[in-house]
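One file, my_file_29.cif, is given below (mmCIF, C-alpha atoms).
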data_run
#
loop_
_atom_site.label_atom_id
_atom_site.label_comp_id
_atom_site.auth_asym_id
_atom_site.auth_seq_id
_atom_site.Cartn_x
_atom_site.Cartn_y
_atom_site.Cartn_z
CA MET Y 1 -234.16 -99.37 29.82
CA THR Y 2 -234.59 -96.59 27.34
CA GLY Y 3 -235.73 -96.77 23.74
CA PRO Y 4 -233.91 -95.42 20.71
CA ALA Y 5 -233.20 -91.69 20.69
CA VAL Y 6 -235.84 -89.55 18.97
CA THR Y 7 -234.81 -86.52 16.92
CA ARG Y 8 -237.12 -83.56 17.44
CA VAL Y 9 -237.64 -81.62 14.21
CA LEU Y 10 -239.20 -78.27 13.33
CA VAL Y 11 -240.36 -77.54 9.77
CA ALA Y 12 -240.25 -74.02 8.29
CA ASP Y 13 -241.85 -73.37 4.88
CA ASP Y 14 -244.16 -70.60 3.74
CA GLN Y 15 -246.19 -72.80 1.37
CA THR Y 16 -248.94 -74.52 3.33
CA VAL Y 17 -249.23 -77.57 1.08
CA VAL Y 18 -245.47 -78.11 1.05
CA ARG Y 19 -245.15 -77.58 4.79
CA GLU Y 20 -247.96 -80.00 5.61
CA GLY Y 21 -246.56 -82.53 3.15
CA ILE Y 22 -243.13 -82.42 4.79
CA VAL Y 23 -244.69 -82.79 8.24
CA MET Y 24 -246.67 -85.79 7.02
CA LEU Y 25 -243.57 -87.36 5.45
CA LEU Y 26 -241.49 -86.88 8.59
CA GLY Y 27 -244.27 -88.45 10.65
CA LEU Y 28 -243.75 -91.67 8.70
CA LEU Y 29 -240.02 -91.83 9.41
CA PRO Y 30 -238.86 -93.80 12.46
CA GLY Y 31 -236.98 -91.92 15.16
CA ILE Y 32 -238.30 -88.47 14.15
CA GLU Y 33 -240.83 -86.36 16.04
CA VAL Y 34 -242.18 -83.15 14.50
CA VAL Y 35 -242.54 -80.58 17.28
CA GLY Y 36 -243.75 -77.63 15.22
CA ALA Y 37 -244.26 -76.02 11.83
CA ALA Y 38 -243.55 -72.40 10.91
CA ALA Y 39 -244.80 -70.32 7.99
CA ASP Y 40 -241.82 -67.93 7.92
CA GLY Y 41 -238.44 -67.28 9.49
CA GLU Y 42 -239.77 -65.12 12.33
CA GLU Y 43 -242.12 -67.88 13.43
CA ALA Y 44 -239.34 -70.46 13.06
CA VAL Y 45 -237.07 -68.55 15.45
CA ALA Y 46 -239.92 -68.16 17.95
CA LEU Y 47 -240.79 -71.86 17.80
CA VAL Y 48 -237.15 -72.85 18.25
CA ALA Y 49 -237.07 -70.73 21.40
CA ARG Y 50 -240.21 -72.49 22.65
CA HIS Y 51 -239.52 -76.10 21.69
CA ARG Y 52 -235.71 -76.29 21.37
CA PRO Y 53 -235.80 -78.86 18.53
CA ASP Y 54 -232.72 -80.85 17.55
CA VAL Y 55 -233.03 -79.94 13.86
CA VAL Y 56 -234.88 -77.36 11.77
CA LEU Y 57 -235.78 -78.15 8.16
CA MET Y 58 -235.57 -74.66 6.73
CA ASP Y 59 -236.93 -73.23 3.49
CA LEU Y 60 -234.97 -70.23 2.20
CA ARG Y 61 -237.36 -67.86 0.46
CA MET Y 62 -240.02 -66.88 2.97
CA PRO Y 63 -241.74 -63.60 3.94
CA ARG Y 64 -240.89 -61.40 6.93
CA CYS Y 65 -237.63 -63.21 7.66
CA ASP Y 66 -235.98 -65.43 5.07
CA GLY Y 67 -234.30 -68.76 5.76
CA VAL Y 68 -230.74 -67.40 5.75
CA GLU Y 69 -231.46 -64.78 8.40
CA ALA Y 70 -233.52 -67.25 10.44
CA THR Y 71 -230.67 -69.76 10.27
CA ARG Y 72 -228.19 -67.13 11.46
CA ARG Y 73 -230.40 -66.17 14.40
CA ILE Y 74 -231.09 -69.78 15.39
CA ARG Y 75 -227.45 -70.84 15.23
CA SER Y 76 -226.41 -67.76 17.21
CA GLY Y 77 -229.09 -67.99 19.90
CA TYR Y 78 -229.66 -71.74 20.06
CA PRO Y 79 -226.43 -73.54 19.08
CA GLY Y 80 -227.89 -76.89 20.14
CA THR Y 81 -230.29 -76.73 17.19
CA GLU Y 82 -228.89 -77.71 13.79
CA VAL Y 83 -230.34 -76.42 10.52
CA VAL Y 84 -230.88 -78.39 7.32
CA VAL Y 85 -231.96 -76.26 4.38
CA LEU Y 86 -234.71 -77.84 2.26
CA THR Y 87 -235.33 -75.63 -0.74
CA THR Y 88 -236.13 -75.57 -4.43
CA TYR Y 89 -232.93 -73.65 -5.18
CA ALA Y 90 -229.37 -74.97 -5.44
CA ASP Y 91 -227.77 -71.89 -7.03
CA ASP Y 92 -224.71 -70.22 -5.53
CA GLU Y 93 -226.72 -67.22 -4.33
CA SER Y 94 -228.82 -69.55 -2.18
CA LEU Y 95 -226.29 -72.24 -1.22
CA PHE Y 96 -223.29 -70.30 0.07
CA PRO Y 97 -225.11 -67.65 2.16
CA ALA Y 98 -227.04 -70.47 3.88
CA LEU Y 99 -223.86 -72.39 4.68
CA ARG Y 100 -222.14 -69.23 5.92
CA ALA Y 101 -225.15 -68.53 8.16
CA GLY Y 102 -224.57 -71.86 9.89
CA ALA Y 103 -226.65 -74.45 8.05
CA ARG Y 104 -225.03 -77.88 8.34
CA GLY Y 105 -227.23 -79.54 5.73
CA TYR Y 106 -228.57 -78.53 2.33
CA LEU Y 107 -231.11 -80.49 0.29
CA THR Y 108 -233.34 -79.66 -2.63
CA LYS Y 109 -237.05 -80.45 -2.50
CA ASP Y 110 -236.73 -83.36 -4.90
CA ALA Y 111 -235.06 -85.26 -2.04
CA GLY Y 112 -236.89 -88.37 -0.86
CA GLY Y 113 -237.71 -89.38 2.68
CA GLU Y 114 -234.60 -91.55 3.00
CA GLU Y 115 -232.31 -88.70 1.95
CA ILE Y 116 -233.99 -86.26 4.33
CA ALA Y 117 -233.71 -88.75 7.20
CA ARG Y 118 -230.03 -89.32 6.40
CA ALA Y 119 -229.31 -85.58 6.38
CA ILE Y 120 -231.06 -85.15 9.73
CA ALA Y 121 -229.07 -88.05 11.21
CA ASP Y 122 -225.82 -86.67 9.76
CA VAL Y 123 -226.16 -83.21 11.29
CA ARG Y 124 -227.24 -84.73 14.60
CA SER Y 125 -224.01 -86.75 14.64
CA GLY Y 126 -221.87 -83.70 13.87
CA ALA Y 127 -221.40 -84.37 10.15
CA ALA Y 128 -222.66 -82.39 7.17
CA GLY Y 129 -225.95 -83.36 5.52
CA LEU Y 130 -225.37 -82.29 1.93
CA SER Y 131 -227.01 -83.75 -1.16
CA PRO Y 132 -224.61 -85.18 -3.79
CA GLN Y 133 -225.27 -82.31 -6.21
CA VAL Y 134 -224.61 -79.75 -3.48
CA GLN Y 135 -221.35 -81.51 -2.54
CA LEU Y 136 -220.32 -81.37 -6.21
CA ARG Y 137 -221.13 -77.67 -6.47
CA LEU Y 138 -219.21 -76.97 -3.27
CA LEU Y 139 -216.18 -78.84 -4.62
CA GLU Y 140 -216.38 -77.00 -7.94
CA ARG Y 141 -216.56 -73.63 -6.17
CA LEU Y 142 -213.65 -74.40 -3.86
CA SER Y 143 -211.62 -75.82 -6.74
CA GLY Y 144 -212.27 -72.71 -8.81
CA GLU Y 145 -211.26 -70.43 -5.93
CA ALA Y 146 -208.08 -72.43 -5.37
CA ALA Y 147 -207.20 -72.25 -9.07
CA ALA Y 148 -207.87 -68.51 -9.14
CA GLY Y 149 -205.68 -68.01 -6.09
CA THR Y 150 -202.86 -70.01 -7.65
CA ALA Y 151 -203.11 -68.02 -10.87
CA GLY Y 152 -203.10 -64.76 -8.94
CA ALA Y 153 -200.04 -65.77 -6.92
CA ALA Y 154 -198.24 -66.79 -10.10
CA GLY Y 155 -199.07 -63.45 -11.71
CA THR Y 156 -197.47 -61.50 -8.86
CA THR Y 157 -194.04 -63.05 -9.34
CA GLY Y 158 -193.49 -61.17 -12.62
CA THR Y 159 -190.14 -61.12 -14.33
CA SER Y 160 -188.26 -61.26 -11.03
CA GLY Y 161 -189.81 -64.66 -10.29
CA ALA Y 162 -188.85 -65.88 -13.74
CA ALA Y 163 -185.32 -64.61 -13.26
CA ALA Y 164 -185.08 -66.29 -9.88
CA THR Y 165 -185.89 -69.66 -11.38
CA SER Y 166 -184.18 -69.32 -14.73
CA GLY Y 167 -180.85 -70.69 -13.58
CA THR Y 168 -182.18 -73.39 -11.28
CA THR Y 169 -184.48 -75.57 -13.33
CA GLY Y 170 -182.50 -78.75 -13.98
CA ALA Y 171 -183.90 -81.98 -12.60
CA SER Y 172 -185.83 -80.24 -9.83
CA GLY Y 173 -187.24 -77.46 -11.97
CA PRO Y 174 -190.83 -76.93 -13.11
CA ALA Y 175 -192.64 -79.40 -15.32
CA PRO Y 176 -192.41 -78.91 -19.10
CA SER Y 177 -194.75 -76.30 -20.63
CA GLY Y 178 -195.20 -74.69 -17.22
CA GLU Y 179 -197.79 -77.27 -16.10
CA PRO Y 180 -198.14 -77.61 -12.29
CA VAL Y 181 -197.06 -80.91 -10.80
CA ALA Y 182 -200.04 -82.73 -9.25
CA GLY Y 183 -199.65 -84.65 -6.01
CA PRO Y 184 -199.70 -84.26 -2.21
CA VAL Y 185 -198.10 -81.21 -0.64
CA ALA Y 186 -194.47 -81.73 0.38
CA VAL Y 187 -194.92 -80.70 4.03
CA PRO Y 188 -198.50 -81.08 5.33
CA PRO Y 189 -199.77 -78.14 7.44
CA ASP Y 190 -200.82 -78.15 11.10
CA GLY Y 191 -198.68 -81.14 12.01
CA LEU Y 192 -200.54 -83.58 9.76
CA THR Y 193 -198.66 -86.76 8.99
CA ALA Y 194 -198.22 -87.76 5.35
CA ARG Y 195 -200.85 -90.48 5.78
CA GLU Y 196 -203.34 -88.09 7.40
CA ALA Y 197 -202.83 -85.64 4.54
CA GLU Y 198 -203.39 -88.48 2.08
CA VAL Y 199 -206.64 -89.45 3.80
CA LEU Y 200 -207.72 -85.79 3.79
CA GLY Y 201 -207.06 -85.58 0.06
CA LEU Y 202 -209.20 -88.66 -0.55
CA ILE Y 203 -212.01 -87.13 1.52
CA ALA Y 204 -211.77 -84.09 -0.77
CA GLU Y 205 -212.18 -86.43 -3.75
CA GLY Y 206 -215.51 -87.54 -2.26
CA LEU Y 207 -214.47 -91.04 -1.15
CA SER Y 208 -216.22 -92.74 1.76
CA ASN Y 209 -214.31 -94.32 4.65
CA THR Y 210 -214.74 -97.75 3.08
CA GLU Y 211 -213.46 -96.54 -0.29
CA ILE Y 212 -210.48 -94.86 1.35
CA ALA Y 213 -209.69 -98.09 3.20
CA ARG Y 214 -209.72 -100.03 -0.06
CA ARG Y 215 -207.56 -97.43 -1.80
CA LEU Y 216 -204.95 -97.44 0.97
CA TYR Y 217 -205.17 -101.17 1.80
CA VAL Y 218 -206.00 -100.52 5.44
CA SER Y 219 -209.02 -101.24 7.63
CA PRO Y 220 -211.97 -98.82 7.93
CA ALA Y 221 -211.13 -98.53 11.64
CA THR Y 222 -207.66 -97.26 10.74
CA VAL Y 223 -209.18 -94.73 8.35
CA LYS Y 224 -211.52 -93.52 11.09
CA THR Y 225 -208.56 -93.07 13.43
CA HIS Y 226 -206.71 -91.00 10.82
CA ILE Y 227 -209.84 -88.88 10.25
CA ASN Y 228 -210.31 -88.25 13.99
CA ASN Y 229 -206.66 -87.21 14.26
CA LEU Y 230 -206.71 -84.88 11.25
CA PHE Y 231 -210.00 -83.30 12.36
CA ALA Y 232 -208.41 -82.55 15.76
CA LYS Y 233 -205.25 -81.10 14.22
CA THR Y 234 -206.96 -78.93 11.61
CA GLY Y 235 -209.93 -77.86 13.73
CA VAL Y 236 -212.53 -78.90 11.14
CA ARG Y 237 -215.84 -80.27 12.38
CA ASP Y 238 -217.10 -82.31 9.45
CA ARG Y 239 -216.28 -83.57 5.97
CA ALA Y 240 -217.51 -80.42 4.23
CA GLN Y 241 -215.07 -78.29 6.24
CA ALA Y 242 -212.36 -80.90 5.61
CA VAL Y 243 -212.91 -80.55 1.85
CA ALA Y 244 -212.58 -76.77 2.10
CA TYR Y 245 -209.41 -77.13 4.16
CA ALA Y 246 -207.89 -79.57 1.65
CA PHE Y 247 -208.51 -77.23 -1.27
CA ARG Y 248 -207.16 -74.20 0.61
CA HIS Y 249 -203.92 -76.03 1.30
CA GLY Y 250 -203.56 -77.81 -2.03
CA ILE Y 251 -203.86 -81.27 -0.50
CA THR Y 252 -204.66 -84.05 -2.97
CA GLY Y 253 -205.25 -87.76 -2.53
CA SER Y 254 -203.04 -90.66 -3.47
CA PRO Y 255 -202.73 -91.78 -7.10
CA GLN Y 256 -204.97 -94.61 -8.29
#
What would the structure in this file look like if it were written as structure tokens?
Amino acid sequence: MTGPAVTRVLVADDQTVVREGIVMLLGLLPGIEVVGAAADGEEAVALVARHRPDVVLMDLRMPRCDGVEATRRIRSGYPGTEVVVLTTYADDESLFPALRAGARGYLTKDAGGEEIARAIADVRSGAAGLSPQVQLRLLERLSGEAAAGTAGAAGTTGTSGAAATSGTTGASGPAPSGEPVAGPVAVPPDGLTAREAEVLGLIAEGLSNTEIARRLYVSPATVKTHINNLFAKTGVRDRAQAVAYAFRHGITGSPQ
């Protein structure tokens, strides 16, 4: 018989007190083994090569090699090692470069032990380990980009677009005052069924599987099946990518 799986973690932070404190905290969490601690990104990459940890808790602003570059090198050279950023900063200039470099989790240093453990478990299981405030900022950014793209597309139609629609409004025309009509897309992309698109929209709203099940009056197992299917069809790997996909394609959830 074998015991429960242990997650091997490497800590990277240039501040000695912070680094030792994180190592001490992780040592108190069940199912986690700290295999090394690095004082900068260069040392983090070297220690990943030596110990092949499951997860790196990565600070961003470090000397010699910062956390973004270290994350990029680790994810490129050692794809079996996931990276969770643990930093003081949650601004766009820190968040989005880290995610683009391959980080699958992002926490700020006010996170408690339970939240850190949950993020580590999430990335180990293939999900995203994002703090609630980071999820909100990601949604706001994607929503803003989607709105800007819609406005840009509308601006390119010009008078010819207005002329094309001027004689065809009627019952199927645009909403009064030019307001866009909210709701699910008419034909879901990538072969998604209407129900899968609906589930995807609810994921984008931040609902959990249990909350989606209650909203749609189905079982959590049915929701999980829909999520597995839509992940396979769209090629997304986790809920963060699913949110981005939903906003790119204008997919919204069901009405309350």
Residues picked by the PyMOL selection byres ((chain Y and resi 4-15) around 7) here, as a PDB file with C-alpha atoms, in the frame of the given file?
ATOM      1  CA  THR Y   2    -234.590 -96.590  27.340  1.00  0.00           C
ATOM      2  CA  GLY Y   3    -235.730 -96.770  23.740  1.00  0.00           C
ATOM      3  CA  THR Y  16    -248.940 -74.520   3.330  1.00  0.00           C
ATOM      4  CA  VAL Y  17    -249.230 -77.570   1.080  1.00  0.00           C
ATOM      5  CA  VAL Y  18    -245.470 -78.110   1.050  1.00  0.00           C
ATOM      6  CA  ARG Y  19    -245.150 -77.580   4.790  1.00  0.00           C
ATOM      7  CA  VAL Y  23    -244.690 -82.790   8.240  1.00  0.00           C
ATOM      8  CA  GLY Y  31    -236.980 -91.920  15.160  1.00  0.00           C
ATOM      9  CA  ILE Y  32    -238.300 -88.470  14.150  1.00  0.00           C
ATOM     10  CA  GLU Y  33    -240.830 -86.360  16.040  1.00  0.00           C
ATOM     11  CA  VAL Y  34    -242.180 -83.150  14.500  1.00  0.00           C
ATOM     12  CA  VAL Y  35    -242.540 -80.580  17.280  1.00  0.00           C
ATOM     13  CA  GLY Y  36    -243.750 -77.630  15.220  1.00  0.00           C
ATOM     14  CA  ALA Y  37    -244.260 -76.020  11.830  1.00  0.00           C
ATOM     15  CA  ALA Y  38    -243.550 -72.400  10.910  1.00  0.00           C
ATOM     16  CA  ALA Y  39    -244.800 -70.320   7.990  1.00  0.00           C
ATOM     17  CA  ASP Y  40    -241.820 -67.930   7.920  1.00  0.00           C
ATOM     18  CA  ALA Y  44    -239.340 -70.460  13.060  1.00  0.00           C
ATOM     19  CA  PRO Y  53    -235.800 -78.860  18.530  1.00  0.00           C
ATOM     20  CA  ASP Y  54    -232.720 -80.850  17.550  1.00  0.00           C
ATOM     21  CA  VAL Y  55    -233.030 -79.940  13.860  1.00  0.00           C
ATOM     22  CA  VAL Y  56    -234.880 -77.360  11.770  1.00  0.00           C
ATOM     23  CA  LEU Y  57    -235.780 -78.150   8.160  1.00  0.00           C
ATOM     24  CA  MET Y  58    -235.570 -74.660   6.730  1.00  0.00           C
ATOM     25  CA  ASP Y  59    -236.930 -73.230   3.490  1.00  0.00           C
ATOM     26  CA  MET Y  62    -240.020 -66.880   2.970  1.00  0.00           C
TER      27      MET Y  62
END
Exercise for the section: Please provide as a list of chain:residue names all residues within 9 Å of Ala117 in chain Y, with the sequence filter that same-chain residues fewer than 5 positions apart are discarded (counting all atoms listed in the file). Expected result: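 Contacts, in chain order: Y:Leu26, Y:Leu29, Y:Pro30, Y:Ile32, Y:Gly112, Y:Asp122.
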Practice task
Just the residues within 9 Å of range 235-245 of chain Y, please, counting only C-alpha atoms, with nothing from its chain fewer than 2 positions along; format it as an MDAnalysis selection string.
Solution key: chainID Y and resid 104 126:128 130 135 138:139 142:143 200:201 203:206 230:233 247:251
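Taking CA of Thr71 in chain Y as the reference point, CA of Glu114 in chain Y is found at 23.3 Å.
Counting from CA of Leu136 in chain Y, the distance to CA of Ser208 in chain Y is 14.5 Å.
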Exercise for the section: Find the distance between CA of Phe96 in chain Y and CA of Arg73 in chain Y and write it in Å to one decimal. Expected result: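 Separation between CA of Phe96 in chain Y and CA of Arg73 in chain Y: 16.5 Å.
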Exercise for the section: Please provide as number ranges by chain all residues within 9 Å of Ile116 in chain Y, with the sequence filter that same-chain residues fewer than 6 positions apart are discarded (counting all atoms listed in the file). Expected result: Y: 26, 84, 86, 107, 129
Exercise for the section: Go through Y:Gly67, Y:Pro79, Y:Pro188, Y:Gly41 and flag the residue nearest Pro97 in chain Y, using only C-alpha atoms for the distances. Expected result: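 Among Y:Gly67, Y:Pro79, Y:Pro188, Y:Gly41, it is Y:Gly67 that comes nearest to Pro97 in chain Y.
Under the PyMOL selection byres ((chain Y and resi 209) around 12), the matching residues in the shown file are Val199, Leu200, Leu202, Ile203, Ala204, Glu205, Gly206, Leu207, Ser208, Thr210, Glu211, Ile212, Ala213, Arg214, Arg215, Leu216, Tyr217, Val218, Ser219, Pro220, Ala221, Thr222, Val223, Lys224, Thr225, His226, Ile227, Asn228 and Arg239 of chain Y.
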Practice task
Between Y:Val83, Y:Ala98, Y:Ala197, Y:Leu192, single out the one closest to Arg61 in chain Y, counting only C-alpha atoms.
Solution key: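 Distance minimum relative to Arg61 in chain Y lands on Y:Ala98.
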Handout entry: Best match for closeness to Ala70 in chain Y among Y:Val187, Y:Ala46, Y:Ala246, Y:Leu95, counting only C-alpha atoms
Key =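 Answer, going by the shortest atom-to-atom distance: Y:Ala46.
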From the structure block, carefully write range 5-29 of chain Y out with N, CA and C atoms; format it as a short mmCIF file (atom, residue, chain, number, x, y, z; two decimals), in the first residue's frame.
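Ended up saving to out_28.cif:
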data_model
loop_
_atom_site.label_atom_id
_atom_site.label_comp_id
_atom_site.auth_asym_id
_atom_site.auth_seq_id
_atom_site.Cartn_x
_atom_site.Cartn_y
_atom_site.Cartn_z
N ALA Y 5 -0.28 10.99 -1.98
CA ALA Y 5 0.75 11.61 -2.81
C ALA Y 5 1.28 12.88 -2.13
N VAL Y 6 2.57 13.10 -2.24
CA VAL Y 6 3.22 14.27 -1.68
C VAL Y 6 3.61 15.19 -2.83
N THR Y 7 3.30 16.46 -2.70
CA THR Y 7 3.66 17.46 -3.71
C THR Y 7 4.99 18.09 -3.32
N ARG Y 8 5.95 18.00 -4.21
CA ARG Y 8 7.29 18.53 -3.96
C ARG Y 8 7.36 19.97 -4.46
N VAL Y 9 7.72 20.88 -3.56
CA VAL Y 9 7.64 22.31 -3.84
C VAL Y 9 9.00 22.98 -3.67
N LEU Y 10 9.29 23.90 -4.59
CA LEU Y 10 10.48 24.75 -4.50
C LEU Y 10 10.01 26.18 -4.27
N VAL Y 11 10.70 26.90 -3.39
CA VAL Y 11 10.36 28.28 -3.07
C VAL Y 11 11.43 29.20 -3.65
N ALA Y 12 11.01 30.27 -4.34
CA ALA Y 12 11.95 31.25 -4.89
C ALA Y 12 11.55 32.64 -4.43
N ASP Y 13 12.40 33.28 -3.62
CA ASP Y 13 12.14 34.64 -3.14
C ASP Y 13 13.47 35.24 -2.71
N ASP Y 14 13.72 36.49 -3.09
CA ASP Y 14 15.02 37.08 -2.80
C ASP Y 14 15.15 37.60 -1.37
N GLN Y 15 14.03 37.74 -0.65
CA GLN Y 15 14.08 38.23 0.72
C GLN Y 15 14.19 37.03 1.68
N THR Y 16 15.30 37.00 2.41
CA THR Y 16 15.59 35.83 3.24
C THR Y 16 14.49 35.56 4.26
N VAL Y 17 14.03 36.58 4.95
CA VAL Y 17 13.00 36.38 5.97
C VAL Y 17 11.72 35.84 5.35
N VAL Y 18 11.33 36.41 4.21
CA VAL Y 18 10.11 35.96 3.53
C VAL Y 18 10.28 34.52 3.05
N ARG Y 19 11.41 34.23 2.43
CA ARG Y 19 11.66 32.90 1.90
C ARG Y 19 11.63 31.85 3.01
N GLU Y 20 12.31 32.14 4.12
CA GLU Y 20 12.33 31.18 5.23
C GLU Y 20 10.96 31.04 5.86
N GLY Y 21 10.19 32.15 5.89
CA GLY Y 21 8.85 32.08 6.44
C GLY Y 21 7.94 31.21 5.59
N ILE Y 22 8.05 31.33 4.26
CA ILE Y 22 7.23 30.50 3.38
C ILE Y 22 7.61 29.03 3.51
N VAL Y 23 8.91 28.76 3.59
CA VAL Y 23 9.36 27.38 3.77
C VAL Y 23 8.81 26.81 5.07
N MET Y 24 8.84 27.59 6.13
CA MET Y 24 8.33 27.14 7.41
C MET Y 24 6.82 26.87 7.33
N LEU Y 25 6.09 27.79 6.68
CA LEU Y 25 4.65 27.61 6.54
C LEU Y 25 4.32 26.35 5.75
N LEU Y 26 5.01 26.14 4.63
CA LEU Y 26 4.75 24.96 3.81
C LEU Y 26 5.06 23.68 4.58
N GLY Y 27 6.07 23.73 5.45
CA GLY Y 27 6.42 22.56 6.24
C GLY Y 27 5.32 22.12 7.19
N LEU Y 28 4.40 23.04 7.49
CA LEU Y 28 3.28 22.72 8.38
C LEU Y 28 2.07 22.17 7.64
N LEU Y 29 2.09 22.25 6.31
CA LEU Y 29 0.94 21.83 5.52
C LEU Y 29 1.06 20.36 5.14
#
